[in-house]
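Below is start16.csv, holding CSV, C-alpha atoms.
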chain,number,residue,atom,x,y,z
A,1,MET,CA,-35.7,2.1,-68.0
A,2,MET,CA,-39.2,0.7,-68.7
A,3,ARG,CA,-39.7,-2.9,-67.9
A,4,HIS,CA,-42.2,-5.0,-69.7
A,5,VAL,CA,-44.2,-7.3,-67.4
A,6,GLY,CA,-47.1,-8.3,-69.5
A,7,GLY,CA,-48.2,-11.9,-70.3
A,8,SER,CA,-45.3,-12.5,-72.7
A,9,PHE,CA,-44.3,-15.9,-73.8
A,10,PRO,CA,-40.7,-16.3,-72.6
A,11,ILE,CA,-38.2,-15.2,-75.3
A,12,LEU,CA,-35.4,-17.2,-73.8
A,13,LEU,CA,-37.4,-20.5,-74.1
A,14,VAL,CA,-38.1,-19.8,-77.7
A,15,ALA,CA,-34.5,-19.0,-78.4
A,16,VAL,CA,-33.3,-22.2,-76.8
A,17,LEU,CA,-35.8,-24.2,-78.7
A,18,LEU,CA,-34.7,-22.6,-82.0
A,19,LEU,CA,-31.0,-23.0,-81.3
A,20,LEU,CA,-31.2,-26.6,-80.0
A,21,PRO,CA,-31.4,-28.3,-83.4
A,22,ILE,CA,-28.6,-26.1,-84.7
A,23,SER,CA,-26.3,-26.9,-81.8
A,24,GLN,CA,-27.0,-30.6,-82.2
A,25,ALA,CA,-26.1,-30.4,-85.9
A,26,PHE,CA,-22.7,-28.9,-85.3
A,27,LEU,CA,-21.7,-30.8,-82.2
A,28,PRO,CA,-20.0,-34.2,-82.6
A,29,PRO,CA,-22.0,-37.2,-81.3
A,30,MET,CA,-21.4,-37.9,-77.6
A,31,HIS,CA,-21.9,-41.4,-76.2
A,32,PHE,CA,-22.5,-42.1,-72.6
A,33,SER,CA,-23.8,-45.1,-70.8
A,34,LEU,CA,-27.3,-44.5,-69.4
A,35,SER,CA,-25.9,-44.9,-65.9
A,36,SER,CA,-23.5,-42.0,-66.2
A,37,PRO,CA,-24.5,-38.7,-64.5
A,38,MET,CA,-23.7,-36.6,-67.5
A,39,SER,CA,-25.9,-38.7,-69.7
A,40,THR,CA,-28.7,-38.6,-67.2
A,41,ARG,CA,-28.6,-34.8,-67.0
A,42,ARG,CA,-28.4,-34.4,-70.7
A,43,HIS,CA,-31.4,-36.7,-71.2
A,44,ARG,CA,-33.4,-34.9,-68.6
A,45,ARG,CA,-32.6,-31.5,-70.1
A,46,SER,CA,-33.5,-32.6,-73.6
A,47,PHE,CA,-36.7,-34.3,-72.5
A,48,SER,CA,-37.7,-31.2,-70.6
A,49,LEU,CA,-37.1,-28.9,-73.6
A,50,LEU,CA,-38.8,-31.2,-76.0
A,51,THR,CA,-41.8,-31.6,-73.6
A,52,MET,CA,-42.2,-27.9,-73.3
A,53,GLN,CA,-42.0,-27.5,-77.1
A,54,SER,CA,-44.5,-30.3,-77.5
A,55,LEU,CA,-46.9,-28.8,-75.0
A,56,ARG,CA,-46.6,-25.4,-76.6
A,57,ASP,CA,-47.4,-26.9,-80.0
A,58,GLN,CA,-50.3,-28.8,-78.5
A,59,PHE,CA,-51.7,-25.7,-76.9
A,60,PHE,CA,-51.7,-23.7,-80.1
A,61,ALA,CA,-53.2,-26.7,-82.0
A,62,ALA,CA,-56.0,-26.8,-79.5
A,63,VAL,CA,-56.5,-23.0,-79.8
A,64,ASP,CA,-56.7,-23.3,-83.6
A,65,HIS,CA,-59.1,-26.3,-83.4
A,66,ASN,CA,-61.4,-24.5,-81.0
A,67,LEU,CA,-61.6,-21.3,-83.0
A,68,LYS,CA,-62.6,-23.4,-86.1
A,69,THR,CA,-65.1,-25.7,-84.4
A,70,LYS,CA,-66.7,-23.5,-81.7
A,71,PHE,CA,-67.2,-20.3,-83.7
A,72,SER,CA,-69.0,-19.9,-87.0
A,73,PRO,CA,-68.7,-17.0,-89.5
A,74,GLU,CA,-72.3,-16.1,-88.6
A,75,GLN,CA,-71.3,-15.2,-85.1
A,76,GLY,CA,-68.9,-12.4,-86.3
A,77,ASP,CA,-65.5,-11.7,-87.6
A,78,LEU,CA,-62.6,-13.2,-85.7
A,79,SER,CA,-59.7,-12.0,-87.9
A,80,ARG,CA,-58.4,-9.8,-85.1
A,81,VAL,CA,-58.3,-12.7,-82.6
A,82,ARG,CA,-56.6,-14.9,-85.2
A,83,ALA,CA,-54.0,-12.1,-85.7
A,84,PHE,CA,-53.6,-12.1,-81.9
A,85,VAL,CA,-53.0,-15.9,-81.9
A,86,GLU,CA,-50.4,-15.6,-84.7
A,87,SER,CA,-48.4,-12.9,-82.8
A,88,CYS,CA,-48.5,-15.1,-79.7
A,89,LYS,CA,-47.2,-18.0,-81.7
A,90,ALA,CA,-44.4,-15.9,-83.2
A,91,GLY,CA,-43.5,-14.5,-79.8
A,92,SER,CA,-43.1,-11.0,-81.2
A,93,ILE,CA,-45.0,-7.7,-81.3
A,94,PRO,CA,-46.8,-7.5,-84.7
A,95,PRO,CA,-45.8,-4.8,-87.1
A,96,THR,CA,-49.4,-3.5,-87.0
A,97,ALA,CA,-48.9,-2.2,-83.5
A,98,PRO,CA,-48.5,1.6,-83.4
A,99,THR,CA,-45.0,2.9,-82.9
A,100,ASP,CA,-45.9,6.6,-82.6
A,101,LEU,CA,-47.7,6.6,-79.3
A,102,PRO,CA,-45.5,7.8,-76.5
A,103,TYR,CA,-45.1,5.2,-73.7
A,104,PHE,CA,-47.2,2.6,-75.5
A,105,GLN,CA,-45.6,-0.8,-74.9
A,106,PRO,CA,-47.7,-3.7,-76.2
A,107,SER,CA,-46.6,-7.3,-75.9
A,108,GLU,CA,-47.2,-10.1,-78.4
A,109,GLU,CA,-50.6,-10.7,-76.8
A,110,TYR,CA,-51.9,-7.9,-79.0
A,111,VAL,CA,-55.3,-7.4,-80.6
A,112,PRO,CA,-55.1,-5.0,-83.6
A,113,GLY,CA,-57.4,-2.1,-84.3
A,114,LEU,CA,-58.3,-1.1,-80.7
A,115,THR,CA,-58.2,2.5,-79.6
A,116,ALA,CA,-55.2,3.1,-77.4
A,117,LYS,CA,-55.1,6.0,-74.8
A,118,PRO,CA,-53.6,6.0,-71.3
A,119,TRP,CA,-56.6,7.4,-69.4
A,120,HIS,CA,-60.3,6.7,-70.1
A,121,ASP,CA,-63.3,8.5,-68.7
A,122,PRO,CA,-64.6,6.1,-66.0
A,123,HIS,CA,-68.2,7.3,-66.5
A,124,SER,CA,-68.2,6.2,-70.1
A,125,PHE,CA,-68.8,2.7,-68.7
A,126,GLU,CA,-72.3,2.4,-67.4
A,127,TRP,CA,-71.5,0.2,-64.4
A,128,VAL,CA,-68.9,2.5,-62.9
A,129,GLN,CA,-71.3,5.0,-61.3
A,130,ALA,CA,-73.1,2.2,-59.4
A,131,LEU,CA,-69.8,0.8,-58.2
A,132,GLU,CA,-68.8,4.2,-56.9
A,133,ASP,CA,-72.1,4.7,-55.2
A,134,ALA,CA,-71.7,1.4,-53.4
A,135,SER,CA,-68.0,2.0,-52.4
A,136,PRO,CA,-68.9,2.4,-48.7
A,137,ILE,CA,-70.0,-1.3,-48.7
A,138,ILE,CA,-66.6,-2.3,-50.1
A,139,GLN,CA,-64.7,0.0,-47.7
A,140,ASP,CA,-66.6,-1.3,-44.7
A,141,GLU,CA,-65.9,-4.9,-45.6
A,142,LEU,CA,-62.2,-4.2,-46.2
A,143,ARG,CA,-61.9,-2.4,-42.9
A,144,GLY,CA,-63.5,-5.4,-41.2
A,145,VAL,CA,-61.0,-7.8,-42.8
A,146,LEU,CA,-58.0,-5.6,-42.0
A,147,GLY,CA,-59.3,-5.1,-38.5
A,148,ALA,CA,-59.8,-8.8,-37.9
A,149,GLY,CA,-56.1,-9.3,-38.5
A,150,ARG,CA,-56.6,-13.1,-38.8
A,151,ASP,CA,-54.0,-13.6,-41.5
A,152,PRO,CA,-52.0,-10.6,-42.7
A,153,ARG,CA,-50.2,-12.9,-45.0
A,154,ASP,CA,-53.3,-12.9,-47.2
A,155,PHE,CA,-52.0,-9.7,-48.8
A,156,LYS,CA,-49.2,-11.2,-50.8
A,157,GLY,CA,-46.5,-10.0,-53.1
A,158,ASP,CA,-47.4,-12.7,-55.6
A,159,SER,CA,-46.9,-10.9,-58.9
A,160,ASN,CA,-44.7,-12.7,-61.4
A,161,VAL,CA,-42.5,-9.6,-61.5
A,162,MET,CA,-42.0,-8.6,-57.9
A,163,THR,CA,-38.7,-7.0,-58.7
A,164,VAL,CA,-40.8,-4.4,-60.6
A,165,MET,CA,-43.7,-4.2,-58.1
A,166,GLY,CA,-41.4,-3.9,-55.1
A,167,ALA,CA,-41.7,-5.2,-51.6
A,168,GLY,CA,-44.3,-2.5,-50.7
A,169,TRP,CA,-46.9,-3.8,-53.2
A,170,THR,CA,-49.1,-6.7,-52.1
A,171,ALA,CA,-52.5,-7.9,-53.2
A,172,LEU,CA,-55.5,-9.9,-52.0
A,173,ARG,CA,-56.9,-11.5,-55.1
A,174,MET,CA,-60.6,-12.4,-55.5
A,175,GLN,CA,-60.0,-13.5,-59.1
A,176,ARG,CA,-56.9,-14.3,-61.1
A,177,LEU,CA,-56.8,-15.3,-64.8
A,178,GLY,CA,-60.6,-15.7,-64.6
A,179,LEU,CA,-60.6,-18.1,-61.7
A,180,TRP,CA,-62.3,-17.0,-58.5
A,181,ASN,CA,-60.6,-17.7,-55.1
A,182,ASP,CA,-63.2,-19.1,-52.7
A,183,HIS,CA,-61.1,-18.3,-49.6
A,184,VAL,CA,-60.9,-14.6,-50.4
A,185,CYS,CA,-64.4,-14.3,-51.8
A,186,ALA,CA,-65.8,-15.8,-48.6
A,187,ARG,CA,-64.4,-13.0,-46.6
A,188,PHE,CA,-66.0,-10.3,-48.9
A,189,PRO,CA,-69.6,-11.6,-49.4
A,190,ARG,CA,-71.2,-8.2,-49.8
A,191,THR,CA,-68.5,-7.0,-52.2
A,192,LEU,CA,-68.9,-10.2,-54.2
A,193,SER,CA,-72.7,-9.8,-54.3
A,194,LEU,CA,-72.2,-6.2,-55.5
A,195,LEU,CA,-69.8,-7.2,-58.3
A,196,ALA,CA,-72.2,-9.9,-59.4
A,197,SER,CA,-75.1,-7.5,-59.6
A,198,LEU,CA,-73.3,-5.2,-62.0
A,199,SER,CA,-72.7,-5.8,-65.7
A,200,ILE,CA,-69.0,-5.7,-65.4
A,201,PRO,CA,-67.3,-7.4,-68.4
A,202,PHE,CA,-64.5,-9.1,-66.3
A,203,ALA,CA,-61.4,-9.8,-68.3
A,204,VAL,CA,-58.6,-12.3,-67.9
A,205,ARG,CA,-56.2,-10.6,-65.6
A,206,GLY,CA,-58.0,-10.3,-62.3
A,207,VAL,CA,-60.0,-8.6,-59.5
A,208,MET,CA,-58.0,-7.7,-56.4
A,209,PHE,CA,-57.5,-5.5,-53.4
A,210,ALA,CA,-54.1,-3.8,-53.8
A,211,ARG,CA,-52.0,-2.4,-51.0
A,212,GLN,CA,-49.2,0.1,-51.3
A,213,ALA,CA,-47.1,0.5,-48.2
A,214,PRO,CA,-45.8,3.9,-47.0
A,215,GLY,CA,-42.6,5.0,-48.6
A,216,THR,CA,-42.7,2.5,-51.5
A,217,GLY,CA,-43.6,2.5,-55.1
A,218,VAL,CA,-44.0,0.4,-58.2
A,219,GLN,CA,-41.3,0.8,-60.9
A,220,PRO,CA,-42.2,2.0,-64.5
A,221,HIS,CA,-43.5,-1.0,-66.5
A,222,SER,CA,-46.1,-2.1,-69.0
A,223,ASP,CA,-48.6,-4.9,-68.6
A,224,GLY,CA,-48.6,-5.5,-72.3
A,225,ARG,CA,-52.2,-6.7,-73.1
A,226,ASN,CA,-53.9,-3.9,-75.1
A,227,PHE,CA,-57.3,-5.5,-75.0
A,228,ILE,CA,-57.8,-5.1,-71.3
A,229,LEU,CA,-58.6,-1.9,-69.4
A,230,THR,CA,-58.1,-1.5,-65.6
A,231,LEU,CA,-60.2,0.2,-63.1
A,232,HIS,CA,-58.9,1.4,-59.7
A,233,LEU,CA,-61.5,2.3,-57.0
A,234,GLY,CA,-60.0,4.3,-54.2
A,235,LEU,CA,-60.8,2.7,-50.8
A,236,GLN,CA,-58.2,4.0,-48.4
A,237,VAL,CA,-56.1,6.9,-49.7
A,238,PRO,CA,-53.5,8.9,-47.8
A,239,LYS,CA,-54.9,12.3,-46.8
A,240,GLU,CA,-52.0,14.5,-47.7
A,241,GLU,CA,-52.4,15.6,-51.3
A,242,GLY,CA,-49.8,14.8,-53.9
A,243,LEU,CA,-47.9,12.2,-51.8
A,244,CYS,CA,-49.7,9.1,-53.2
A,245,TRP,CA,-49.9,9.0,-57.0
A,246,MET,CA,-50.0,7.0,-60.2
A,247,ARG,CA,-48.3,8.0,-63.5
A,248,VAL,CA,-49.7,6.6,-66.7
A,249,ALA,CA,-47.8,7.7,-69.8
A,250,GLU,CA,-47.0,11.4,-69.3
A,251,GLU,CA,-49.7,12.2,-66.7
A,252,ARG,CA,-49.6,11.8,-62.9
A,253,ARG,CA,-52.9,11.6,-60.9
A,254,GLY,CA,-53.9,10.7,-57.4
A,255,TRP,CA,-56.7,8.5,-56.1
A,256,GLU,CA,-59.9,9.6,-54.3
A,257,GLU,CA,-61.8,7.5,-51.9
A,258,GLY,CA,-65.0,6.3,-53.5
A,259,LYS,CA,-63.9,7.4,-56.9
A,260,ALA,CA,-62.8,5.4,-59.9
A,261,VAL,CA,-60.1,5.9,-62.5
A,262,VAL,CA,-59.7,3.8,-65.7
A,263,ILE,CA,-56.4,3.3,-67.4
A,264,ASP,CA,-54.8,1.3,-70.2
A,265,THR,CA,-51.8,-0.4,-68.6
A,266,THR,CA,-50.3,-1.2,-72.0
A,267,PHE,CA,-48.9,2.3,-71.5
A,268,GLU,CA,-45.9,2.6,-69.2
A,269,HIS,CA,-47.1,3.3,-65.6
A,270,GLU,CA,-45.7,3.5,-62.1
A,271,THR,CA,-46.9,4.4,-58.6
A,272,GLY,CA,-45.5,6.1,-55.5
A,273,ASN,CA,-46.6,6.5,-51.9
A,274,ALA,CA,-44.4,9.0,-50.1
A,275,SER,CA,-46.9,9.3,-47.2
A,276,GLU,CA,-46.8,7.6,-43.9
A,277,GLU,CA,-50.2,5.9,-44.6
A,278,GLU,CA,-51.1,2.7,-46.5
A,279,ARG,CA,-53.1,3.0,-49.7
A,280,TYR,CA,-55.7,0.5,-50.7
A,281,VAL,CA,-57.6,0.3,-54.0
A,282,LEU,CA,-59.9,-2.3,-55.6
A,283,ILE,CA,-58.6,-3.2,-59.0
A,284,ILE,CA,-60.9,-4.6,-61.7
A,285,ASP,CA,-59.6,-5.7,-65.1
A,286,PHE,CA,-62.2,-5.6,-67.9
A,287,TRP,CA,-62.5,-6.1,-71.6
A,288,HIS,CA,-61.7,-3.2,-74.0
A,289,PRO,CA,-65.1,-1.9,-75.1
A,290,GLU,CA,-64.2,-2.1,-78.8
A,291,LEU,CA,-64.0,-5.9,-78.6
A,292,THR,CA,-67.1,-7.6,-80.1
A,293,PRO,CA,-69.0,-10.2,-78.1
A,294,VAL,CA,-67.6,-13.0,-80.2
A,295,GLU,CA,-64.0,-11.6,-79.9
A,296,ARG,CA,-64.4,-11.7,-76.1
A,297,ALA,CA,-65.7,-15.2,-76.2
A,298,ALA,CA,-62.8,-16.3,-78.4
A,299,LEU,CA,-60.2,-14.7,-76.1
A,300,ARG,CA,-61.9,-16.3,-73.1
A,301,GLU,CA,-61.5,-19.6,-74.9
A,302,PHE,CA,-57.8,-18.9,-75.4
A,303,TYR,CA,-57.2,-18.2,-71.7
A,304,ASP,CA,-59.4,-21.0,-70.5
A,305,LEU,CA,-57.1,-23.3,-72.5
A,306,ARG,CA,-54.1,-21.6,-71.1
A,307,ASN,CA,-55.4,-22.3,-67.6
A,308,THR,CA,-56.0,-26.0,-68.5
A,309,PHE,CA,-52.4,-26.3,-69.9
A,310,GLU,CA,-50.9,-24.6,-66.9
A,311,GLY,CA,-52.8,-26.9,-64.5
A,312,ARG,CA,-55.2,-24.4,-63.0
A,313,THR,CA,-58.8,-25.3,-62.3
A,314,GLY,CA,-61.8,-23.1,-61.5
A,315,GLY,CA,-65.5,-22.5,-62.1
A,316,GLY,CA,-67.1,-20.1,-64.5
A,317,GLY,CA,-65.3,-19.3,-67.7
A,318,VAL,CA,-62.6,-16.7,-67.9
A,319,GLY,CA,-64.1,-13.3,-68.1
A,320,GLU,CA,-67.7,-14.2,-67.6
A,321,GLY,CA,-69.9,-11.2,-66.7
A,322,ARG,CA,-70.6,-12.3,-63.1
A,323,PRO,CA,-68.7,-14.2,-60.4
A,324,PRO,CA,-69.6,-17.9,-60.4
A,325,PRO,CA,-71.5,-19.5,-57.5
A,326,MET,CA,-69.5,-20.1,-54.3
A,327,GLU,CA,-69.2,-23.8,-54.8
A,328,LYS,CA,-67.5,-23.2,-58.2
A,329,ARG,CA,-65.0,-20.6,-57.1
A,330,ARG,CA,-61.7,-22.1,-56.7
A,331,GLU,CA,-58.1,-21.5,-57.8
A,332,LYS,CA,-55.2,-23.8,-58.0
A,333,ASN,CA,-52.1,-21.9,-58.8
A,334,GLY,CA,-49.7,-23.2,-61.3
A,335,GLY,CA,-49.0,-26.7,-62.5
A,336,TRP,CA,-45.6,-28.0,-63.7
A,337,LEU,CA,-46.3,-26.2,-67.0
A,338,ALA,CA,-46.7,-22.8,-65.3
A,339,GLY,CA,-43.5,-21.4,-66.8
A,340,LEU,CA,-44.6,-21.9,-70.4
A,341,PHE,CA,-46.6,-18.7,-70.4
A,342,GLY,CA,-46.2,-15.4,-68.6
A,343,GLY,CA,-48.5,-14.2,-65.9
Any chance you could put this one into C-alpha cells?
Amino acid sequence: MMRHVGGSFPILLVAVLLLLPISQAFLPPMHFSLSSPMSTRRHRRSFSLLTMQSLRDQFFAAVDHNLKTKFSPEQGDLSRVRAFVESCKAGSIPPTAPTDLPYFQPSEEYVPGLTAKPWHDPHSFEWVQALEDASPIIQDELRGVLGAGRDPRDFKGDSNVMTVMGAGWTALRMQRLGLWNDHVCARFPRTLSLLASLSIPFAVRGVMFARQAPGTGVQPHSDGRNFILTLHLGLQVPKEEGLCWMRVAEERRGWEEGKAVVIDTTFEHETGNASEEERYVLIIDFWHPELTPVERAALREFYDLRNTFEGRTGGGGVGEGRPPPMEKRREKNGGWLAGLFGG
C-alpha cells in the first residue's frame, strides 16, 4: 500500500478543529473549579487546539497579505500559486489534479498546470553536466568525511516519516526547507563552493547526502509536492548490478557513480539495496522548470513564512539560487509550532 509522506497539513488536526464546536454544542455544560485536575486538563487541551487554529489562521492571513503587497500584476500571473494556497487551506487535493496518471499521488500542496512525469532527462537542465563533471570533488570530500569517522551520528534518520524510510536510510543535510546547516556545510567546503557556482534553482525541500545501508530499502511512498523535482547524483554505488535500485512509477533503475538521475517524487517511488555495500547519493531538490520566476518567488515567500511560524531561522531565502554566505547558514529545527505543518 502506498504511503503519502509529502508536506501535508495534518488531516486529524483539521478534523478535530471542525468537530470541536459541534461536540461542544451537544454536550451539556460541565462546571469545575479551576483547581480540579479535570478542569485544568480540559482548559489546557482547549487552549492548545484554539492556539493551533489561531496560528494556522494567522499564517494564511500573512500569506494572503504578502501575496497582495509584495507582488504586482506587472510581475506576472500568480493564479496558480493562489490555487496552491487555497488547496493548502482546504487541506485537500484539488479537483484539477489529474487522476489518470498511474502512481501519481499529489498532496494538497499542489500547483496546477505543471507537466507530470516520473523520470526527466537530467541533461535537459543546463547545470547537471557541470555537476556530473565535478562529481570527483564531491566523492573525494564525502570519502574524507566518512573516513574521519568523527561523528557517525551526523548521518541521521531524521525524516518525519521514518516508518516509511526505514532504519537503513539516513541523511546528512546541507540544506533543509531552504535553511543551510553551517555544521554540515563547513565539512564540505568544496562541495558547497561547487553548488554555489552552478545555476541550480534550489527548491524548498533540501540538499543532502543520503545513505542506504546494505539489506535495507525505503517503502513505496509519494512526497506529494508536484512543483519540485529531485536529482540524485551517484557517489558510492554497490558494484554488483541490479542489487541496488530505485523504482519510480512503473520503472526501476539503478544509480551510476558520477551520473545523475532526475525524478518527480510526486509519483510513488521506493528503493532497495540487496547488496552488502552501502549506497551514497547527493540529493538536490529544485523547482519544476515550468514555474515562472514570480511563481518561484511567491512559493519561496510561502515557505519562508512557514519557517517563521514553525520557529526555524536561517540566512538566504528559501530556494535562492546559491547557498548563502557561511555566517548566514544556520538551521534551528522546529519550534513548538512544528506539528502544524508536515515536513
Practice item. Fewer than 6 positions away in the same chain doesn't count, so skip those; otherwise give me all residues within 9 Å of A:Ser275, counting only C-alpha atoms, as a list in words. Key: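 Using only C-alpha atoms, the neighbours found are Ala213, Pro214, Gly215, Pro238, Lys239, Glu240, Leu243 and Cys244 of chain A.
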Study note, to complete from the structure: Residue with the minimum atom-to-atom distance to A:Ser193, picked from A:Ala134, A:Asn181, A:Phe309, A:Asp154 with all atoms listed in the file counted, is A:Ala134
Check your understanding: Which residues, protein or nucleic acid, reach to within 9 Å of (-68.2, -1.7, -60.9) in the file's coordinates when using only C-alpha atoms, and can you give that as a ChimeraX atom specification?
Key -> /A:125-132,134,194-195,198-200,231,233,260,284
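Closest approach to A:Glu270 among A:Gly166, A:Gly178, A:Gly242, A:Pro293 is made by A:Gly166 (distances from all atoms listed in the file).
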**Study point:** Protein, DNA and RNA residues within 7 Å of (-67.8, 9.4, -56.8), only C-alpha atoms, as a list in words
**Key:**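 Nearby residues: Glu132, Asp133, Gly258 and Lys259 of chain A.
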Exercise for review: Figure out the distance between atom CA of A:Phe59 and atom CA of A:Leu305, please, to one decimal in Å.
Suggested key: 7.4 Å
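Using only C-alpha atoms, the smallest distance between any of A:Val248, A:Val207, A:Pro102, A:Thr292 and A:Gly272 comes from A:Val248.
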Review point. Hey, can you check how far atom CA of A:Val63 sits from atom CA of A:Thr266?
Key: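 Taking atom CA of A:Val63 and atom CA of A:Thr266, their separation equals 24.0 Å.
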**Study point:** Residue nearest A:Val262 - candidates A:Thr230, A:Gln175, A:Thr308, A:Ser107, atoms counted: all atoms listed in the file
**Key:**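 Of A:Thr230, A:Gln175, A:Thr308, A:Ser107, the one nearest A:Val262, counting all atoms listed in the file, is A:Thr230.
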Practice item. Find the spatial neighbours of A:Val237, counting only C-alpha atoms, within a cut-off of 9 Å - ignore same-chain residues fewer than 6 positions away - and output them as a list in words. Key: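 That gives Cys244, Gly254, Trp255, Glu256, Glu257, Glu277, Glu278, Arg279, Tyr280 and Val281 of chain A.
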Practice item. In Å, rounded to a single decimal, give me how far atom CA of A:Phe104 is from atom CA of A:Gln236. Key: 29.3 Å
Exercise for review: Find the residue from A:Trp169, A:Phe267, A:Trp287, A:Phe155 that sits nearest to A:Gln105; use all atoms listed in the file when measuring.
Suggested key: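 Between A:Trp169, A:Phe267, A:Trp287, A:Phe155, the residue approaching A:Gln105 most closely is A:Phe267.
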Stretch 131-236 of chain A near stretch 115-118 of chain A within 10 Å: what's each residue's closest atom pair and its distance in Å to one decimal, counting all atoms listed in the file, ordered by chain then ascending residue number, as JSON lines?
{"residue": "A:Asn226", "atom": "CA", "partner": "A:Ala116", "partner_atom": "CA", "distance": 7.5}
{"residue": "A:Phe227", "atom": "CA", "partner": "A:Ala116", "partner_atom": "CA", "distance": 9.2}
{"residue": "A:Leu229", "atom": "CA", "partner": "A:Pro118", "partner_atom": "CA", "distance": 9.5}
Check your understanding: Using only C-alpha atoms, which residue out of A:Arg56, A:Arg80, A:His269, A:Arg176 lies closest to A:Gly217?
Key ->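 Smallest separation from A:Gly217 among the options: A:His269.
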